[in-house]
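The structure file coords_15.pdb is reproduced below (PDB, C-alpha atoms).
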ATOM      1  CA  MET H   1       0.000   0.000   0.000  1.00  0.00           C
ATOM      2  CA  ARG H   2       1.335   3.387  -0.877  1.00  0.00           C
ATOM      3  CA  ALA H   3       2.057   5.832   1.940  1.00  0.00           C
ATOM      4  CA  ALA H   4      -0.222   8.416   0.328  1.00  0.00           C
ATOM      5  CA  TRP H   5      -3.143   5.995   0.513  1.00  0.00           C
ATOM      6  CA  GLY H   6      -2.526   5.489   4.224  1.00  0.00           C
ATOM      7  CA  LEU H   7      -2.438   9.226   4.775  1.00  0.00           C
ATOM      8  CA  THR H   8      -5.678   9.609   2.816  1.00  0.00           C
ATOM      9  CA  MET H   9      -7.269   7.004   5.080  1.00  0.00           C
ATOM     10  CA  VAL H  10      -6.190   8.950   8.172  1.00  0.00           C
ATOM     11  CA  ILE H  11      -7.218  12.363   6.878  1.00  0.00           C
ATOM     12  CA  LEU H  12     -10.567  11.063   6.041  1.00  0.00           C
ATOM     13  CA  VAL H  13     -11.323   9.656   9.133  1.00  0.00           C
ATOM     14  CA  ALA H  14     -11.372   9.741  10.974  1.00  0.00           C
ATOM     15  CA  GLY H  15     -17.386   9.521   8.870  1.00  0.00           C
ATOM     16  CA  ALA H  16     -27.457  13.677   2.324  1.00  0.00           C
ATOM     17  CA  ALA H  17     -27.561  13.041  -1.378  1.00  0.00           C
ATOM     18  CA  GLY H  18     -25.827  14.879  -4.170  1.00  0.00           C
ATOM     19  CA  ALA H  19     -22.913  17.185  -3.412  1.00  0.00           C
ATOM     20  CA  VAL H  20     -23.148  17.400   0.359  1.00  0.00           C
ATOM     21  CA  ALA H  21     -21.916  20.752   1.591  1.00  0.00           C
ATOM     22  CA  GLY H  22     -23.560  20.987   5.000  1.00  0.00           C
ATOM     23  CA  GLN H  23     -24.772  18.987   7.903  1.00  0.00           C
ATOM     24  CA  THR H  24     -27.790  16.777   7.374  1.00  0.00           C
ATOM     25  CA  LYS H  25     -30.706  16.853   9.779  1.00  0.00           C
ATOM     26  CA  GLY H  26     -30.058  14.677  12.812  1.00  0.00           C
ATOM     27  CA  ASP H  27     -26.282  14.439  12.396  1.00  0.00           C
ATOM     28  CA  PRO H  28     -24.412  14.330  15.677  1.00  0.00           C
ATOM     29  CA  ASP H  29     -22.086  17.230  16.490  1.00  0.00           C
ATOM     30  CA  ARG H  30     -18.527  16.619  17.624  1.00  0.00           C
ATOM     31  CA  ARG H  31     -17.165  18.954  20.260  1.00  0.00           C
ATOM     32  CA  PRO H  32     -15.078  21.762  18.764  1.00  0.00           C
ATOM     33  CA  GLY H  33     -11.378  21.502  19.543  1.00  0.00           C
ATOM     34  CA  LEU H  34      -8.413  19.225  18.989  1.00  0.00           C
ATOM     35  CA  TRP H  35      -9.106  15.535  18.467  1.00  0.00           C
ATOM     36  CA  THR H  36      -6.450  12.816  18.559  1.00  0.00           C
ATOM     37  CA  MET H  37      -7.233   9.920  16.235  1.00  0.00           C
ATOM     38  CA  LYS H  38      -5.808   6.430  16.212  1.00  0.00           C
ATOM     39  CA  LEU H  39      -6.650   4.482  13.085  1.00  0.00           C
ATOM     40  CA  THR H  40      -6.314   0.765  12.553  1.00  0.00           C
ATOM     41  CA  TYR H  41      -6.635  -0.390   8.971  1.00  0.00           C
ATOM     42  CA  ASP H  42      -7.186  -4.064   8.091  1.00  0.00           C
ATOM     43  CA  ASP H  43      -6.521  -5.172  11.690  1.00  0.00           C
ATOM     44  CA  GLY H  44      -3.121  -3.498  11.782  1.00  0.00           C
ATOM     45  CA  ALA H  45      -1.827  -4.898   8.488  1.00  0.00           C
ATOM     46  CA  TYR H  46      -0.704  -1.386   7.567  1.00  0.00           C
ATOM     47  CA  LYS H  47       1.005   0.970  10.002  1.00  0.00           C
ATOM     48  CA  ILE H  48      -0.962   4.211  10.194  1.00  0.00           C
ATOM     49  CA  PRO H  49       0.472   7.018  12.344  1.00  0.00           C
ATOM     50  CA  ASP H  50      -1.728   8.748  14.897  1.00  0.00           C
ATOM     51  CA  SER H  51      -3.100  12.111  13.835  1.00  0.00           C
ATOM     52  CA  THR H  52      -4.732  15.179  15.325  1.00  0.00           C
ATOM     53  CA  MET H  53      -7.526  17.223  13.807  1.00  0.00           C
ATOM     54  CA  CYS H  54      -8.737  20.680  14.724  1.00  0.00           C
ATOM     55  CA  LEU H  55     -12.524  20.889  14.470  1.00  0.00           C
ATOM     56  CA  ASP H  56     -14.745  23.937  14.695  1.00  0.00           C
ATOM     57  CA  ALA H  57     -18.507  23.988  14.078  1.00  0.00           C
ATOM     58  CA  LYS H  58     -18.075  24.747  10.364  1.00  0.00           C
ATOM     59  CA  SER H  59     -15.471  22.045   9.692  1.00  0.00           C
ATOM     60  CA  ASP H  60     -17.494  19.484  11.662  1.00  0.00           C
ATOM     61  CA  ARG H  61     -20.460  20.050   9.334  1.00  0.00           C
ATOM     62  CA  ARG H  62     -18.205  19.691   6.273  1.00  0.00           C
ATOM     63  CA  THR H  63     -16.435  16.450   7.299  1.00  0.00           C
ATOM     64  CA  THR H  64     -17.527  12.847   7.690  1.00  0.00           C
ATOM     65  CA  LEU H  65     -17.404  10.767  10.860  1.00  0.00           C
ATOM     66  CA  VAL H  66     -16.026   7.813   8.899  1.00  0.00           C
ATOM     67  CA  GLY H  67     -15.178   6.984   5.320  1.00  0.00           C
ATOM     68  CA  ALA H  68     -12.345   7.111   2.889  1.00  0.00           C
ATOM     69  CA  GLN H  69     -12.947  10.752   2.045  1.00  0.00           C
ATOM     70  CA  MET H  70     -13.178  13.302   4.796  1.00  0.00           C
ATOM     71  CA  ARG H  71     -14.760  16.116   2.798  1.00  0.00           C
ATOM     72  CA  ARG H  72     -18.507  15.593   2.486  1.00  0.00           C
ATOM     73  CA  SER H  73     -18.519  17.510  -0.784  1.00  0.00           C
ATOM     74  CA  ARG H  74     -16.826  14.465  -2.378  1.00  0.00           C
ATOM     75  CA  CYS H  75     -19.684  12.188  -1.263  1.00  0.00           C
ATOM     76  CA  SER H  76     -22.833  11.420  -3.232  1.00  0.00           C
ATOM     77  CA  GLU H  77     -24.279   9.846  -0.097  1.00  0.00           C
ATOM     78  CA  TYR H  78     -23.699  10.577   3.569  1.00  0.00           C
ATOM     79  CA  SER H  79     -26.270   9.229   5.983  1.00  0.00           C
ATOM     80  CA  VAL H  80     -26.169   9.025   9.754  1.00  0.00           C
ATOM     81  CA  ALA H  81     -28.940   7.417  11.792  1.00  0.00           C
ATOM     82  CA  ARG H  82     -29.296   7.250  15.567  1.00  0.00           C
ATOM     83  CA  GLN H  83     -29.825   3.705  16.835  1.00  0.00           C
ATOM     84  CA  ALA H  84     -31.912   2.591  19.837  1.00  0.00           C
ATOM     85  CA  ASP H  85     -28.747   1.768  21.824  1.00  0.00           C
ATOM     86  CA  GLY H  86     -27.429   5.340  21.399  1.00  0.00           C
ATOM     87  CA  SER H  87     -24.888   4.510  18.693  1.00  0.00           C
ATOM     88  CA  TRP H  88     -24.964   5.963  15.181  1.00  0.00           C
ATOM     89  CA  SER H  89     -24.972   3.990  11.927  1.00  0.00           C
ATOM     90  CA  VAL H  90     -23.104   5.692   9.093  1.00  0.00           C
ATOM     91  CA  ARG H  91     -23.002   5.087   5.348  1.00  0.00           C
ATOM     92  CA  THR H  92     -20.917   7.068   2.867  1.00  0.00           C
ATOM     93  CA  VAL H  93     -20.437   6.804  -0.877  1.00  0.00           C
ATOM     94  CA  CYS H  94     -17.514   8.995  -1.863  1.00  0.00           C
ATOM     95  CA  VAL H  95     -15.046   9.622  -4.677  1.00  0.00           C
ATOM     96  CA  LEU H  96     -11.430   9.723  -3.510  1.00  0.00           C
ATOM     97  CA  ASN H  97      -8.644  11.954  -4.801  1.00  0.00           C
ATOM     98  CA  GLY H  98      -7.595   9.457  -7.477  1.00  0.00           C
ATOM     99  CA  GLY H  99     -11.150   9.038  -8.776  1.00  0.00           C
ATOM    100  CA  GLU H 100     -11.736   5.704  -7.083  1.00  0.00           C
ATOM    101  CA  LYS H 101     -15.106   5.087  -5.402  1.00  0.00           C
ATOM    102  CA  SER H 102     -15.396   4.097  -1.754  1.00  0.00           C
ATOM    103  CA  VAL H 103     -18.553   2.825  -0.047  1.00  0.00           C
ATOM    104  CA  THR H 104     -18.247   2.756   3.743  1.00  0.00           C
ATOM    105  CA  THR H 105     -20.682   1.483   6.344  1.00  0.00           C
ATOM    106  CA  GLY H 106     -20.040   1.560  10.050  1.00  0.00           C
ATOM    107  CA  ARG H 107     -21.094   2.196  13.600  1.00  0.00           C
ATOM    108  CA  VAL H 108     -20.065   5.111  15.806  1.00  0.00           C
ATOM    109  CA  THR H 109     -20.226   4.878  19.600  1.00  0.00           C
ATOM    110  CA  GLY H 110     -19.344   7.416  22.263  1.00  0.00           C
ATOM    111  CA  ASP H 111     -20.524  10.838  23.330  1.00  0.00           C
ATOM    112  CA  LEU H 112     -18.769  12.859  20.566  1.00  0.00           C
ATOM    113  CA  ALA H 113     -17.851  15.416  23.245  1.00  0.00           C
ATOM    114  CA  SER H 114     -14.920  13.615  24.849  1.00  0.00           C
ATOM    115  CA  ALA H 115     -14.483  10.425  22.811  1.00  0.00           C
ATOM    116  CA  TYR H 116     -15.919   8.285  20.062  1.00  0.00           C
ATOM    117  CA  ASP H 117     -15.043   5.015  18.374  1.00  0.00           C
ATOM    118  CA  VAL H 118     -15.796   3.841  14.861  1.00  0.00           C
ATOM    119  CA  VAL H 119     -15.922   0.299  13.509  1.00  0.00           C
ATOM    120  CA  ALA H 120     -16.472   0.288   9.760  1.00  0.00           C
ATOM    121  CA  GLU H 121     -15.936  -1.575   6.541  1.00  0.00           C
ATOM    122  CA  SER H 122     -15.075   0.118   3.287  1.00  0.00           C
ATOM    123  CA  GLU H 123     -15.166  -1.238  -0.246  1.00  0.00           C
ATOM    124  CA  THR H 124     -13.061   0.589  -2.805  1.00  0.00           C
ATOM    125  CA  THR H 125     -13.290   0.160  -6.570  1.00  0.00           C
ATOM    126  CA  GLY H 126     -11.505   1.798  -9.474  1.00  0.00           C
ATOM    127  CA  ALA H 127      -8.187   2.391  -7.685  1.00  0.00           C
ATOM    128  CA  LYS H 128      -4.987   2.492  -9.724  1.00  0.00           C
ATOM    129  CA  TRP H 129      -3.199   0.164  -7.267  1.00  0.00           C
ATOM    130  CA  SER H 130      -4.840  -3.249  -6.862  1.00  0.00           C
ATOM    131  CA  SER H 131      -4.033  -3.354  -3.118  1.00  0.00           C
ATOM    132  CA  GLU H 132      -6.337  -0.354  -2.624  1.00  0.00           C
ATOM    133  CA  ASN H 133      -9.334  -2.099  -4.192  1.00  0.00           C
ATOM    134  CA  GLY H 134     -11.563  -4.468  -2.248  1.00  0.00           C
ATOM    135  CA  ARG H 135     -12.933  -4.597   1.281  1.00  0.00           C
ATOM    136  CA  HIS H 136     -11.034  -3.029   4.143  1.00  0.00           C
ATOM    137  CA  ALA H 137     -11.716  -2.917   7.886  1.00  0.00           C
ATOM    138  CA  ILE H 138     -11.379   0.464   9.605  1.00  0.00           C
ATOM    139  CA  ARG H 139     -11.265   1.204  13.329  1.00  0.00           C
ATOM    140  CA  ILE H 140     -10.959   4.742  14.637  1.00  0.00           C
ATOM    141  CA  SER H 141     -10.506   5.779  18.239  1.00  0.00           C
ATOM    142  CA  ALA H 142     -10.897   9.548  18.623  1.00  0.00           C
ATOM    143  CA  ARG H 143     -10.321  11.482  21.855  1.00  0.00           C
ATOM    144  CA  TRP H 144     -10.874  15.183  22.535  1.00  0.00           C
ATOM    145  CA  THR H 145      -7.637  16.641  23.926  1.00  0.00           C
ATOM    146  CA  GLY H 146      -8.572  20.317  24.414  1.00  0.00           C
ATOM    147  CA  PRO H 147      -8.877  23.497  22.390  1.00  0.00           C
ATOM    148  CA  CYS H 148      -7.190  23.728  18.996  1.00  0.00           C
ATOM    149  CA  LEU H 149      -3.626  25.012  19.208  1.00  0.00           C
ATOM    150  CA  ALA H 150      -2.754  28.635  18.480  1.00  0.00           C
ATOM    151  CA  GLY H 151      -2.680  29.197  14.733  1.00  0.00           C
ATOM    152  CA  GLN H 152      -4.774  26.140  13.886  1.00  0.00           C
ATOM    153  CA  ARG H 153      -7.993  26.397  11.928  1.00  0.00           C
ATOM    154  CA  GLY H 154     -10.905  24.035  11.451  1.00  0.00           C
ATOM    155  CA  GLY H 155      -9.936  21.131   9.188  1.00  0.00           C
ATOM    156  CA  ASP H 156      -6.219  21.187  10.062  1.00  0.00           C
ATOM    157  CA  VAL H 157      -4.877  17.635  10.326  1.00  0.00           C
ATOM    158  CA  THR H 158      -1.396  16.886  11.656  1.00  0.00           C
ATOM    159  CA  VAL H 159       0.333  13.576  10.907  1.00  0.00           C
ATOM    160  CA  ASN H 160       4.007  12.963  11.704  1.00  0.00           C
ATOM    161  CA  GLY H 161       4.514  16.670  12.384  1.00  0.00           C
ATOM    162  CA  ARG H 162       3.120  17.762   9.005  1.00  0.00           C
ATOM    163  CA  THR H 163      -0.097  19.785   8.932  1.00  0.00           C
ATOM    164  CA  SER H 164      -2.500  20.125   6.034  1.00  0.00           C
ATOM    165  CA  ASN H 165      -6.061  21.300   5.818  1.00  0.00           C
ATOM    166  CA  VAL H 166      -8.689  18.980   4.365  1.00  0.00           C
ATOM    167  CA  PHE H 167     -10.405  21.918   2.660  1.00  0.00           C
ATOM    168  CA  SER H 168      -7.454  23.853   1.235  1.00  0.00           C
ATOM    169  CA  SER H 169      -3.730  23.832   0.763  1.00  0.00           C
ATOM    170  CA  ARG H 170      -1.475  25.831   3.068  1.00  0.00           C
TER     171      ARG H 170
END
Output the file's structure as structure tokens, nothing else.
Amino acid sequence: MRAAWGLTMVILVAGAAGAVAGQTKGDPDRRPGLWTMKLTYDDGAYKIPDSTMCLDAKSDRRTTLVGAQMRRSRCSEYSVARQADGSWSVRTVCVLNGGEKSVTTGRVTGDLASAYDVVAESETTGAKWSSENGRHAIRISARWTGPCLAGQRGGDVTVNGRTSNVFSSR
């Protein structure tokens, strides 16, 4: 698996029809601030570094809880439904940066104010590299660590000391 693919899987993560630009009715809100995310991909078959993401109200509405594409605008479907046990079921159908299609279904548990966990499965088709196609298991453990750091803006993701914004280039 290419390193860029792994980074895409992290930036996505760690979740509406047509071009989804805003929050859909009933979506849960994550607490604004800095979230630390640990991602396990295919039961640890690929080493994915931990990441942090700065969320504000606007960036929370523009990102997914789970899926292979973090920006909702790249998704033709993004649905979240509250379950009787308090968890959320999530389904996304998104186009990734290379044009490949990813369909992700999963379950989100936690309060979304201090912590949440995601267990999901994603099926990717149309990828240039054969190892990227097929079914993949995704686990995300996200923990709120406090306010965003000075100079950070909503959508900033830091991996291995490098920061990028899921909505624009720096």
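For the pair atom CA of Gly44 of chain H and atom CA of Asn160 of chain H, the separation is 17.9 Å.
Matched in the shown structure by the PyMOL selection byres ((chain H and resi 43) around 10): Leu39, Thr40, Tyr41, Asp42, Gly44, Ala45, Tyr46, Lys47, His136, Ala137, Ile138 and Arg139 of chain H.
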What residues come out when you apply the PyMOL selection byres ((chain H and resi 119-133) around 8) to this file, written as a ChimeraX atom specification? /H:1,5,66-68,98-108,117-118,134-140
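Of the listed residues H:Val157, H:Leu65, H:Leu34, H:Ala115, the one whose atoms come nearest to Thr92 of chain H is H:Leu65, with distances taken using only C-alpha atoms.
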Give me the residues of segment 19-118 of chain H that have any atom at most 6 Å from an atom of segment 149-156 of chain H; for each, the nearest atom pair and the distance in Å, rounded to one decimal. Use all atoms listed in the file, sort by chain and number, and format it as JSON lines.
{"residue": "H:Met53", "atom": "CA", "partner": "H:Asp156", "partner_atom": "CA", "distance": 5.6}
{"residue": "H:Cys54", "atom": "CA", "partner": "H:Gly154", "partner_atom": "CA", "distance": 5.2}
{"residue": "H:Leu55", "atom": "CA", "partner": "H:Gly154", "partner_atom": "CA", "distance": 4.7}
{"residue": "H:Asp56", "atom": "CA", "partner": "H:Gly154", "partner_atom": "CA", "distance": 5.0}
{"residue": "H:Ser59", "atom": "CA", "partner": "H:Gly154", "partner_atom": "CA", "distance": 5.3}
With C-alpha atoms retained, write the just-selected residues as a compact mmCIF listing (two decimals), in the coordinates of the input.
# COMPACT_ATOMS: atom_id res chain seq x y z
CA MET H 53 -7.53 17.22 13.81
CA CYS H 54 -8.74 20.68 14.72
CA LEU H 55 -12.52 20.89 14.47
CA ASP H 56 -14.74 23.94 14.70
CA SER H 59 -15.47 22.04 9.69
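Among H:Gly146, H:Cys94, H:Ser164, H:Arg30, the residue with the shortest atom-to-atom distance to Arg74 of chain H, counting all atoms listed in the file, is H:Cys94.
Atom pair atom CA of Ser141 of chain H / atom CA of Ala84 of chain H: separated by 21.7 Å.
Of the listed residues (H:Ser87, H:Asn97, H:Thr145, H:Thr52), H:Thr145 comes nearest to Ala113 of chain H; the distances count only C-alpha atoms.
Every residue that the PyMOL selection byres ((chain H and resi 79) around 7) selects in this file is listed here: Ala16, Glu77, Tyr78, Val80, Ala81, Val90, Arg91 and Thr92 of chain H.
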What is the atom CA of Ser51 of chain H to atom CA of Asp85 of chain H distance in Å? 28.8 Å
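Between Val95 of chain H and the candidates H:Leu112, H:Cys75, H:Val159, H:Cys148, the tightest atom-to-atom separation, counting only C-alpha atoms, involves H:Cys75.
For the choices H:Lys58, H:Val166, H:Gly161, H:Tyr116, the atom-to-atom distance to Lys38 of chain H is smallest for H:Tyr116 when using only C-alpha atoms.
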